[in-house]
$ cat work12.cif   # mmCIF, N, CA and C atoms and all ligand atoms
data_coords
loop_
_atom_site.group_PDB
_atom_site.id
_atom_site.type_symbol
_atom_site.label_atom_id
_atom_site.label_comp_id
_atom_site.auth_asym_id
_atom_site.auth_seq_id
_atom_site.Cartn_x
_atom_site.Cartn_y
_atom_site.Cartn_z
ATOM 1 N N MET N 1 0.845 -1.194 0.000
ATOM 2 C CA MET N 1 0.000 0.000 0.000
ATOM 3 C C MET N 1 0.883 1.247 0.000
ATOM 4 N N GLU N 2 0.452 2.230 -0.762
ATOM 5 C CA GLU N 2 1.253 3.437 -0.898
ATOM 6 C C GLU N 2 1.402 4.189 0.438
ATOM 7 N N GLY N 3 0.269 4.292 1.163
ATOM 8 C CA GLY N 3 0.296 4.999 2.446
ATOM 9 C C GLY N 3 1.248 4.347 3.432
ATOM 10 N N ASP N 4 1.253 2.994 3.474
ATOM 11 C CA ASP N 4 2.145 2.278 4.382
ATOM 12 C C ASP N 4 3.606 2.516 4.019
ATOM 13 N N GLU N 5 3.873 2.582 2.699
ATOM 14 C CA GLU N 5 5.250 2.813 2.259
ATOM 15 C C GLU N 5 5.733 4.192 2.706
ATOM 16 N N ILE N 6 4.832 5.174 2.612
ATOM 17 C CA ILE N 6 5.205 6.532 3.049
ATOM 18 C C ILE N 6 5.490 6.527 4.543
ATOM 19 N N MET N 7 4.614 5.849 5.332
ATOM 20 C CA MET N 7 4.825 5.768 6.781
ATOM 21 C C MET N 7 6.169 5.109 7.097
ATOM 22 N N GLU N 8 6.467 4.028 6.345
ATOM 23 C CA GLU N 8 7.716 3.295 6.580
ATOM 24 C C GLU N 8 8.924 4.203 6.375
ATOM 25 N N ASP N 9 8.873 5.034 5.322
ATOM 26 C CA ASP N 9 9.992 5.914 4.995
ATOM 27 C C ASP N 9 10.220 6.985 6.062
ATOM 28 N N THR N 10 9.166 7.361 6.769
ATOM 29 C CA THR N 10 9.304 8.471 7.724
ATOM 30 C C THR N 10 9.572 7.985 9.143
ATOM 31 N N LYS N 11 9.650 6.668 9.360
ATOM 32 C CA LYS N 11 9.931 6.160 10.703
ATOM 33 C C LYS N 11 11.362 6.509 11.108
ATOM 34 N N VAL N 12 11.512 6.951 12.339
ATOM 35 C CA VAL N 12 12.848 7.265 12.850
ATOM 36 C C VAL N 12 13.119 6.354 14.031
ATOM 37 N N LYS N 13 14.212 5.634 13.972
ATOM 38 C CA LYS N 13 14.551 4.758 15.084
ATOM 39 C C LYS N 13 15.290 5.564 16.151
ATOM 40 N N VAL N 14 14.865 5.382 17.396
ATOM 41 C CA VAL N 14 15.490 6.098 18.507
ATOM 42 C C VAL N 14 16.153 5.086 19.416
ATOM 43 N N ASN N 15 17.409 5.280 19.686
ATOM 44 C CA ASN N 15 18.132 4.404 20.604
ATOM 45 C C ASN N 15 18.172 5.085 21.972
ATOM 46 N N ILE N 16 17.470 4.503 22.949
ATOM 47 C CA ILE N 16 17.353 5.134 24.269
ATOM 48 C C ILE N 16 18.727 5.272 24.946
ATOM 49 N N ASP N 17 19.609 4.304 24.726
ATOM 50 C CA ASP N 17 20.936 4.392 25.337
ATOM 51 C C ASP N 17 21.711 5.589 24.797
ATOM 52 N N ASP N 18 21.563 5.878 23.490
ATOM 53 C CA ASP N 18 22.229 7.043 22.910
ATOM 54 C C ASP N 18 21.685 8.327 23.520
ATOM 55 N N LYS N 19 20.356 8.363 23.739
ATOM 56 C CA LYS N 19 19.730 9.558 24.320
ATOM 57 C C LYS N 19 20.214 9.768 25.756
ATOM 58 N N LEU N 20 20.239 8.675 26.523
ATOM 59 C CA LEU N 20 20.643 8.782 27.922
ATOM 60 C C LEU N 20 22.099 9.201 28.052
ATOM 61 N N TYR N 21 22.899 8.855 27.059
ATOM 62 C CA TYR N 21 24.332 9.166 27.098
ATOM 63 C C TYR N 21 24.582 10.673 27.151
ATOM 64 N N LEU N 22 23.621 11.453 26.641
ATOM 65 C CA LEU N 22 23.789 12.905 26.593
ATOM 66 C C LEU N 22 23.622 13.547 27.964
ATOM 67 N N ASN N 23 22.937 12.871 28.876
ATOM 68 C CA ASN N 23 22.663 13.450 30.183
ATOM 69 C C ASN N 23 23.907 13.449 31.063
ATOM 70 N N THR N 24 23.936 14.400 31.983
ATOM 71 C CA THR N 24 25.034 14.413 32.939
ATOM 72 C C THR N 24 24.448 14.365 34.356
ATOM 73 N N TYR N 25 25.256 13.916 35.285
ATOM 74 C CA TYR N 25 24.790 13.753 36.659
ATOM 75 C C TYR N 25 25.727 14.467 37.618
ATOM 76 N N ASN N 26 25.141 15.074 38.631
ATOM 77 C CA ASN N 26 25.916 15.517 39.772
ATOM 78 C C ASN N 26 25.506 14.585 40.918
ATOM 79 N N VAL N 27 26.307 13.561 41.135
ATOM 80 C CA VAL N 27 25.898 12.461 42.019
ATOM 81 C C VAL N 27 26.124 12.824 43.484
ATOM 82 N N ASP N 28 25.070 12.662 44.268
ATOM 83 C CA ASP N 28 25.127 12.882 45.711
ATOM 84 C C ASP N 28 25.747 11.650 46.383
ATOM 85 N N THR N 29 26.295 11.828 47.559
ATOM 86 C CA THR N 29 26.800 10.670 48.303
ATOM 87 C C THR N 29 25.652 9.966 49.039
ATOM 88 N N LEU N 30 24.540 10.680 49.227
ATOM 89 C CA LEU N 30 23.361 10.082 49.871
ATOM 90 C C LEU N 30 22.379 9.634 48.802
ATOM 91 N N SER N 31 21.833 8.433 48.975
ATOM 92 C CA SER N 31 20.838 7.936 48.030
ATOM 93 C C SER N 31 19.483 8.599 48.286
ATOM 94 N N HIS N 32 18.816 8.988 47.211
ATOM 95 C CA HIS N 32 17.463 9.548 47.339
ATOM 96 C C HIS N 32 16.397 8.463 47.176
ATOM 97 N N LEU N 33 16.847 7.215 46.964
ATOM 98 C CA LEU N 33 15.936 6.080 46.808
ATOM 99 C C LEU N 33 16.331 5.006 47.809
ATOM 100 N N ALA N 34 15.338 4.340 48.370
ATOM 101 C CA ALA N 34 15.653 3.239 49.284
ATOM 102 C C ALA N 34 14.527 2.219 49.282
ATOM 103 N N ILE N 35 14.910 0.976 49.508
ATOM 104 C CA ILE N 35 13.922 -0.083 49.720
ATOM 105 C C ILE N 35 13.485 0.004 51.177
ATOM 106 N N LYS N 36 12.181 0.063 51.400
ATOM 107 C CA LYS N 36 11.694 0.192 52.778
ATOM 108 C C LYS N 36 11.931 -1.094 53.567
ATOM 109 N N ASP N 37 11.632 -2.239 52.947
ATOM 110 C CA ASP N 37 11.729 -3.507 53.669
ATOM 111 C C ASP N 37 12.140 -4.621 52.693
ATOM 112 N N GLN N 38 13.361 -5.101 52.845
ATOM 113 C CA GLN N 38 13.861 -6.132 51.921
ATOM 114 C C GLN N 38 13.050 -7.429 52.016
ATOM 115 N N LYS N 39 12.434 -7.674 53.171
ATOM 116 C CA LYS N 39 11.635 -8.906 53.303
ATOM 117 C C LYS N 39 10.442 -8.879 52.347
ATOM 118 N N ILE N 40 9.892 -7.683 52.140
ATOM 119 C CA ILE N 40 8.768 -7.561 51.198
ATOM 120 C C ILE N 40 9.266 -7.870 49.785
ATOM 121 N N CYS N 41 10.454 -7.411 49.441
ATOM 122 C CA CYS N 41 11.030 -7.715 48.116
ATOM 123 C C CYS N 41 11.262 -9.217 47.944
ATOM 124 N N GLU N 42 11.720 -9.841 48.999
ATOM 125 C CA GLU N 42 11.954 -11.293 48.927
ATOM 126 C C GLU N 42 10.699 -12.035 48.506
ATOM 127 N N ASN N 43 9.568 -11.555 49.024
ATOM 128 C CA ASN N 43 8.294 -12.230 48.743
ATOM 129 C C ASN N 43 7.536 -11.627 47.563
ATOM 130 N N CYS N 44 8.114 -10.633 46.917
ATOM 131 C CA CYS N 44 7.451 -9.969 45.788
ATOM 132 C C CYS N 44 7.632 -10.825 44.535
ATOM 133 N N LYS N 45 6.539 -11.273 43.984
ATOM 134 C CA LYS N 45 6.634 -12.137 42.798
ATOM 135 C C LYS N 45 6.901 -11.329 41.541
ATOM 136 N N GLU N 46 6.342 -10.115 41.472
ATOM 137 C CA GLU N 46 6.407 -9.346 40.224
ATOM 138 C C GLU N 46 7.802 -8.756 39.969
ATOM 139 N N LYS N 47 8.456 -8.271 41.008
ATOM 140 C CA LYS N 47 9.761 -7.584 40.879
ATOM 141 C C LYS N 47 9.713 -6.511 39.775
ATOM 142 N N THR N 48 8.624 -5.778 39.792
ATOM 143 C CA THR N 48 8.391 -4.790 38.730
ATOM 144 C C THR N 48 9.533 -3.779 38.614
ATOM 145 N N CYS N 49 10.107 -3.405 39.725
ATOM 146 C CA CYS N 49 11.164 -2.381 39.707
ATOM 147 C C CYS N 49 12.348 -2.785 38.835
ATOM 148 N N THR N 50 12.567 -4.081 38.698
ATOM 149 C CA THR N 50 13.752 -4.538 37.952
ATOM 150 C C THR N 50 13.586 -4.419 36.436
ATOM 151 N N PHE N 51 12.351 -4.220 35.972
ATOM 152 C CA PHE N 51 12.191 -4.055 34.513
ATOM 153 C C PHE N 51 11.488 -2.761 34.112
ATOM 154 N N ILE N 52 10.848 -2.061 35.066
ATOM 155 C CA ILE N 52 10.141 -0.828 34.699
ATOM 156 C C ILE N 52 11.102 0.357 34.579
ATOM 157 N N CYS N 53 12.205 0.278 35.267
ATOM 158 C CA CYS N 53 13.125 1.434 35.331
ATOM 159 C C CYS N 53 13.935 1.561 34.030
ATOM 160 N N PRO N 54 13.831 2.696 33.340
ATOM 161 C CA PRO N 54 14.579 2.862 32.093
ATOM 162 C C PRO N 54 16.088 2.946 32.302
ATOM 163 N N ALA N 55 16.496 3.247 33.525
ATOM 164 C CA ALA N 55 17.932 3.366 33.807
ATOM 165 C C ALA N 55 18.490 2.118 34.490
ATOM 166 N N ARG N 56 17.671 1.118 34.649
ATOM 167 C CA ARG N 56 18.072 -0.164 35.249
ATOM 168 C C ARG N 56 18.722 0.040 36.626
ATOM 169 N N VAL N 57 18.046 0.850 37.438
ATOM 170 C CA VAL N 57 18.563 1.178 38.774
ATOM 171 C C VAL N 57 18.462 -0.018 39.733
ATOM 172 N N TYR N 58 17.402 -0.807 39.581
ATOM 173 C CA TYR N 58 17.165 -1.911 40.523
ATOM 174 C C TYR N 58 17.622 -3.241 39.953
ATOM 175 N N GLU N 59 18.328 -3.972 40.792
ATOM 176 C CA GLU N 59 18.722 -5.338 40.405
ATOM 177 C C GLU N 59 18.376 -6.266 41.549
ATOM 178 N N CYS N 60 17.976 -7.472 41.196
ATOM 179 C CA CYS N 60 17.625 -8.452 42.223
ATOM 180 C C CYS N 60 18.575 -9.634 42.126
ATOM 181 N N LYS N 61 19.270 -9.892 43.245
ATOM 182 C CA LYS N 61 20.141 -11.058 43.293
ATOM 183 C C LYS N 61 19.774 -11.873 44.514
ATOM 184 N N ASP N 62 19.364 -13.100 44.283
ATOM 185 C CA ASP N 62 18.958 -14.004 45.357
ATOM 186 C C ASP N 62 17.888 -13.374 46.250
ATOM 187 N N GLY N 63 16.985 -12.647 45.644
ATOM 188 C CA GLY N 63 15.872 -12.059 46.392
ATOM 189 C C GLY N 63 16.179 -10.697 46.987
ATOM 190 N N TYR N 64 17.478 -10.307 47.011
ATOM 191 C CA TYR N 64 17.863 -9.011 47.589
ATOM 192 C C TYR N 64 17.919 -7.969 46.473
ATOM 193 N N VAL N 65 17.232 -6.846 46.707
ATOM 194 C CA VAL N 65 17.165 -5.805 45.672
ATOM 195 C C VAL N 65 18.169 -4.696 45.979
ATOM 196 N N THR N 66 19.053 -4.440 45.020
ATOM 197 C CA THR N 66 20.019 -3.343 45.167
ATOM 198 C C THR N 66 19.522 -2.130 44.379
ATOM 199 N N VAL N 67 19.950 -0.958 44.819
ATOM 200 C CA VAL N 67 19.481 0.298 44.223
ATOM 201 C C VAL N 67 20.684 1.122 43.772
ATOM 202 N N GLY N 68 20.896 1.173 42.475
ATOM 203 C CA GLY N 68 21.994 1.989 41.924
ATOM 204 C C GLY N 68 21.486 3.393 41.646
ATOM 205 N N TYR N 69 21.238 4.146 42.721
ATOM 206 C CA TYR N 69 20.544 5.443 42.611
ATOM 207 C C TYR N 69 21.290 6.442 41.723
ATOM 208 N N GLU N 70 22.574 6.235 41.533
ATOM 209 C CA GLU N 70 23.396 7.205 40.796
ATOM 210 C C GLU N 70 22.882 7.451 39.374
ATOM 211 N N GLY N 71 22.266 6.422 38.765
ATOM 212 C CA GLY N 71 21.802 6.548 37.379
ATOM 213 C C GLY N 71 20.346 6.947 37.241
ATOM 214 N N CYS N 72 19.697 7.298 38.342
ATOM 215 C CA CYS N 72 18.253 7.575 38.327
ATOM 216 C C CYS N 72 17.923 8.787 37.463
ATOM 217 N N LEU N 73 16.858 8.639 36.663
ATOM 218 C CA LEU N 73 16.387 9.707 35.770
ATOM 219 C C LEU N 73 15.279 10.548 36.404
ATOM 220 N N GLU N 74 14.906 10.211 37.632
ATOM 221 C CA GLU N 74 13.893 10.957 38.398
ATOM 222 C C GLU N 74 12.528 10.970 37.712
ATOM 223 N N CYS N 75 12.200 9.881 37.037
ATOM 224 C CA CYS N 75 10.916 9.823 36.319
ATOM 225 C C CYS N 75 9.762 9.429 37.234
ATOM 226 N N GLY N 76 10.056 8.757 38.346
ATOM 227 C CA GLY N 76 9.009 8.379 39.300
ATOM 228 C C GLY N 76 8.289 7.078 38.984
ATOM 229 N N ALA N 77 8.659 6.417 37.905
ATOM 230 C CA ALA N 77 7.931 5.207 37.489
ATOM 231 C C ALA N 77 7.998 4.100 38.535
ATOM 232 N N CYS N 78 9.134 3.927 39.168
ATOM 233 C CA CYS N 78 9.281 2.834 40.134
ATOM 234 C C CYS N 78 8.363 3.025 41.332
ATOM 235 N N ARG N 79 8.194 4.254 41.744
ATOM 236 C CA ARG N 79 7.340 4.544 42.898
ATOM 237 C C ARG N 79 5.897 4.136 42.611
ATOM 238 N N ILE N 80 5.456 4.404 41.400
ATOM 239 C CA ILE N 80 4.084 4.062 41.013
ATOM 240 C C ILE N 80 3.964 2.562 40.754
ATOM 241 N N ALA N 81 4.998 1.973 40.159
ATOM 242 C CA ALA N 81 4.902 0.584 39.699
ATOM 243 C C ALA N 81 5.030 -0.446 40.824
ATOM 244 N N CYS N 82 5.696 -0.098 41.902
ATOM 245 C CA CYS N 82 5.843 -1.071 42.988
ATOM 246 C C CYS N 82 4.491 -1.253 43.672
ATOM 247 N N SER N 83 3.894 -2.396 43.442
ATOM 248 C CA SER N 83 2.540 -2.630 43.957
ATOM 249 C C SER N 83 2.526 -2.814 45.472
ATOM 250 N N HIS N 84 3.692 -2.912 46.086
ATOM 251 C CA HIS N 84 3.781 -3.068 47.545
ATOM 252 C C HIS N 84 4.147 -1.756 48.242
ATOM 253 N N ASP N 85 4.210 -0.680 47.493
ATOM 254 C CA ASP N 85 4.591 0.630 48.052
ATOM 255 C C ASP N 85 5.852 0.497 48.913
ATOM 256 N N ASN N 86 6.839 -0.179 48.355
ATOM 257 C CA ASN N 86 8.026 -0.528 49.149
ATOM 258 C C ASN N 86 9.264 0.299 48.786
ATOM 259 N N ILE N 87 9.062 1.376 48.047
ATOM 260 C CA ILE N 87 10.211 2.224 47.679
ATOM 261 C C ILE N 87 10.050 3.582 48.345
ATOM 262 N N ASP N 88 11.057 3.959 49.115
ATOM 263 C CA ASP N 88 11.093 5.285 49.720
ATOM 264 C C ASP N 88 11.714 6.217 48.678
ATOM 265 N N TRP N 89 10.884 7.017 48.047
ATOM 266 C CA TRP N 89 11.294 7.799 46.869
ATOM 267 C C TRP N 89 11.334 9.289 47.202
ATOM 268 N N ASN N 90 12.440 9.914 46.919
ATOM 269 C CA ASN N 90 12.570 11.360 47.090
ATOM 270 C C ASN N 90 13.332 11.911 45.905
ATOM 271 N N PHE N 91 13.189 13.200 45.658
ATOM 272 C CA PHE N 91 14.085 13.834 44.701
ATOM 273 C C PHE N 91 15.462 13.955 45.358
ATOM 274 N N PRO N 92 16.520 13.992 44.566
ATOM 275 C CA PRO N 92 17.844 14.221 45.139
ATOM 276 C C PRO N 92 17.893 15.593 45.831
ATOM 277 N N ARG N 93 18.849 15.770 46.712
ATOM 278 C CA ARG N 93 18.995 17.059 47.370
ATOM 279 C C ARG N 93 19.306 18.133 46.329
ATOM 280 N N GLY N 94 19.039 19.373 46.689
ATOM 281 C CA GLY N 94 19.217 20.490 45.763
ATOM 282 C C GLY N 94 20.614 20.511 45.155
ATOM 283 N N GLY N 95 20.670 20.662 43.850
ATOM 284 C CA GLY N 95 21.956 20.731 43.151
ATOM 285 C C GLY N 95 22.475 19.379 42.704
ATOM 286 N N PHE N 96 21.848 18.301 43.213
ATOM 287 C CA PHE N 96 22.298 16.958 42.830
ATOM 288 C C PHE N 96 21.283 16.315 41.888
ATOM 289 N N GLY N 97 21.728 15.250 41.240
ATOM 290 C CA GLY N 97 20.846 14.494 40.358
ATOM 291 C C GLY N 97 21.168 14.714 38.898
ATOM 292 N N ILE N 98 20.181 14.432 38.068
ATOM 293 C CA ILE N 98 20.410 14.449 36.623
ATOM 294 C C ILE N 98 20.210 15.849 36.031
ATOM 295 N N GLN N 99 21.002 16.116 35.010
ATOM 296 C CA GLN N 99 20.778 17.311 34.195
ATOM 297 C C GLN N 99 20.503 16.815 32.787
ATOM 298 N N PHE N 100 19.271 17.050 32.316
ATOM 299 C CA PHE N 100 18.864 16.519 31.016
ATOM 300 C C PHE N 100 19.426 17.358 29.871
ATOM 301 N N ARG N 101 19.876 16.639 28.861
ATOM 302 C CA ARG N 101 20.273 17.298 27.607
ATOM 303 C C ARG N 101 19.553 16.565 26.473
ATOM 304 N N LEU N 102 18.796 17.294 25.694
ATOM 305 C CA LEU N 102 18.041 16.694 24.610
ATOM 306 C C LEU N 102 18.699 16.991 23.270
ATOM 307 N N ALA N 103 18.659 16.004 22.394
ATOM 308 C CA ALA N 103 19.230 16.207 21.060
ATOM 309 C C ALA N 103 18.203 15.840 20.019
HETATM 310 S S1 LIG N 201 8.517 -4.139 42.946
HETATM 311 FE FE1 LIG N 201 8.642 -3.255 45.032
HETATM 312 S S2 LIG N 201 8.376 -4.982 46.446
HETATM 313 FE FE2 LIG N 201 8.810 -5.817 44.411
HETATM 314 S S3 LIG N 201 11.018 -6.170 44.402
HETATM 315 FE FE3 LIG N 201 10.665 -4.117 43.563
HETATM 316 S S4 LIG N 201 10.782 -2.685 45.311
HETATM 317 FE FE4 LIG N 201 10.556 -4.784 46.112
HETATM 318 S S1 LIG N 202 12.623 7.297 39.283
HETATM 319 FE FE1 LIG N 202 12.662 6.380 37.200
HETATM 320 S S2 LIG N 202 14.816 6.292 36.666
HETATM 321 FE FE2 LIG N 202 14.722 6.653 38.885
HETATM 322 S S3 LIG N 202 14.852 4.636 39.776
HETATM 323 FE FE3 LIG N 202 12.655 5.082 39.548
HETATM 324 S S4 LIG N 202 12.092 4.251 37.540
HETATM 325 FE FE4 LIG N 202 14.333 4.348 37.611
#
$ encode --input "work12.cif" --output "structure tokens"
Amino acid sequence: MEGDEIMEDTKVKVNIDDKLYLNTYNVDTLSHLAIKDQKICENCKEKTCTFICPARVYECKDGYVTVGYEGCLECGACRIACSHDNIDWNFPRGGFGIQFRLA
């Protein structure tokens, strides 16, 4: 179909890793994210935080969830997605965190 061919020609592929590479961080020594209770994570079947985060901040090893807060994009998705309300979520302290650069 002609219309489909036109749509195909105008598609632009976006690589999220390339986009994220443009951002810079002023990393705080204090984490602005924390797991409230690791026992709840142990029993959490969904482990939504490990796949919802675009920056792959959360990792689960043997039931224990680690938080690599340094790469956080401050999007808030993990706070909403954790069905157990088990993430203590704050913005980084003033002057710290991500500085977005768009290209
Ligand atoms: S989704 Fe919430 S409860 Fe489940 S592993 Fe992640 S932080 Fe823990
Ligand atoms: S706020 Fe967004 S980027 Fe930061 S840890 Fe949560 S999901 Fe990941």
$ closest_residue --input "work12.cif" --among "N:Ala55, N:Cys41, N:Ala77, N:Leu22" --to "ligand LIG 201 (chain N)" --atoms "only C-alpha atoms and all ligand atoms"
N:Cys41
$ closest_atom_pairs --input "work12.cif" --of "chain N" --to "ligand LIG 201 (chain N)" --cutoff "5 Å" --atoms "all atoms listed in the file" --output "CSV"
residue,atom,partner,partner_atom,distance
N:Ile40,C,N:LIG201,S2,4.5
N:Cys41,CA,N:LIG201,FE4,3.6
N:Cys44,CA,N:LIG201,FE2,4.6
N:Lys47,CA,N:LIG201,S3,4.0
N:Thr48,N,N:LIG201,S1,3.6
N:Cys49,N,N:LIG201,S1,3.7
N:Cys82,CA,N:LIG201,S1,4.1
N:Ser83,N,N:LIG201,S1,5.0
N:Asn86,C,N:LIG201,S4,4.8
$ residues_near_ligand --input "work12.cif" --ligand "ligand LIG 202 (chain N)" --cutoff "8 Å" --atoms "all atoms listed in the file" --output "list in words"
Leu33, Cys49, Phe51, Ile52, Cys53, Pro54, Ala55, Arg56, Val57, Tyr58, Val67, Gly68, Tyr69, Gly71, Cys72, Leu73, Glu74, Cys75, Gly76, Ala77, Cys78, Arg79, Ile80, Ala81 and Trp89 of chain N
$ residues_around --input "work12.cif" --residues "N:Ile98" --least-positions-apart "2" --cutoff "10 Å" --atoms "only C-alpha atoms" --output "JSON, numbers by chain"
{"N": [23, 24, 25, 26, 27, 70, 71, 72, 73, 74, 92, 95, 96, 100, 101]}
$ select_by_dssp --input "work12.cif" --residues "chain N" --states "strand (DSSP E)" --output "NGL selection string"
:N and (24-26 or 33-35 or 58-61 or 64-67 or 87-89 or 97-99)
$ atom_distance --input "work12.cif" --atom1 "atom N of N:His32" --atom2 "atom C of N:Lys45"
24.2 Å
$ select_by_dssp --input "work12.cif" --residues "chain N" --states "alpha helix (DSSP H)" --output "MDAnalysis selection string"
chainID N and resid 2:10 16:21 38:42 49:52 77:81
$ atom_distance --input "work12.cif" --atom1 "atom CA of N:Asn90" --atom2 "atom CA of N:Tyr21"
23.3 Å
$ residues_near_point --input "work12.cif" --point "(10.4, -1.1, 50.2)" --cutoff "7 Å" --atoms "only C-alpha atoms" --output "JSON, numbers by chain"
{"N": [34, 35, 36, 37, 38, 40, 41, 85, 86, 87, 88]}
$ write_last_selection --input "work12.cif" --atoms "N, CA and C atoms" --output "mmCIF file, keeping the file's coordinate frame"
data_model
loop_
_atom_site.group_PDB
_atom_site.id
_atom_site.type_symbol
_atom_site.label_atom_id
_atom_site.label_comp_id
_atom_site.auth_asym_id
_atom_site.auth_seq_id
_atom_site.Cartn_x
_atom_site.Cartn_y
_atom_site.Cartn_z
ATOM 1 N N ALA N 34 15.338 4.340 48.370
ATOM 2 C CA ALA N 34 15.653 3.239 49.284
ATOM 3 C C ALA N 34 14.527 2.219 49.282
ATOM 4 N N ILE N 35 14.910 0.976 49.508
ATOM 5 C CA ILE N 35 13.922 -0.083 49.720
ATOM 6 C C ILE N 35 13.485 0.004 51.177
ATOM 7 N N LYS N 36 12.181 0.063 51.400
ATOM 8 C CA LYS N 36 11.694 0.192 52.778
ATOM 9 C C LYS N 36 11.931 -1.094 53.567
ATOM 10 N N ASP N 37 11.632 -2.239 52.947
ATOM 11 C CA ASP N 37 11.729 -3.507 53.669
ATOM 12 C C ASP N 37 12.140 -4.621 52.693
ATOM 13 N N GLN N 38 13.361 -5.101 52.845
ATOM 14 C CA GLN N 38 13.861 -6.132 51.921
ATOM 15 C C GLN N 38 13.050 -7.429 52.016
ATOM 16 N N ILE N 40 9.892 -7.683 52.140
ATOM 17 C CA ILE N 40 8.768 -7.561 51.198
ATOM 18 C C ILE N 40 9.266 -7.870 49.785
ATOM 19 N N CYS N 41 10.454 -7.411 49.441
ATOM 20 C CA CYS N 41 11.030 -7.715 48.116
ATOM 21 C C CYS N 41 11.262 -9.217 47.944
ATOM 22 N N ASP N 85 4.210 -0.680 47.493
ATOM 23 C CA ASP N 85 4.591 0.630 48.052
ATOM 24 C C ASP N 85 5.852 0.497 48.913
ATOM 25 N N ASN N 86 6.839 -0.179 48.355
ATOM 26 C CA ASN N 86 8.026 -0.528 49.149
ATOM 27 C C ASN N 86 9.264 0.299 48.786
ATOM 28 N N ILE N 87 9.062 1.376 48.047
ATOM 29 C CA ILE N 87 10.211 2.224 47.679
ATOM 30 C C ILE N 87 10.050 3.582 48.345
ATOM 31 N N ASP N 88 11.057 3.959 49.115
ATOM 32 C CA ASP N 88 11.093 5.285 49.720
ATOM 33 C C ASP N 88 11.714 6.217 48.678
#
$ atom_distance --input "work12.cif" --atom1 "atom C of N:Lys61" --atom2 "atom CA of N:Thr29"
23.9 Å
$ closest_residue --input "work12.cif" --among "N:Val12, N:His84, N:Leu30, N:Glu59" --to "N:Asn43" --atoms "only C-alpha atoms"
N:His84
$ axis_aligned_box --input "work12.cif" --around "stretch 62-68 of chain N" --padding-each-side "4 Å" --output "lines of an AutoDock Vina configuration file"
center_x = 18.9
center_y = -5.3
center_z = 44.6
size_x = 14.1
size_y = 25.4
size_z = 13.9
$ closest_residue --input "work12.cif" --among "N:Lys39, N:Glu46, N:Gln99, N:Arg93" --to "N:Tyr64" --atoms "only N, CA and C atoms"
N:Lys39
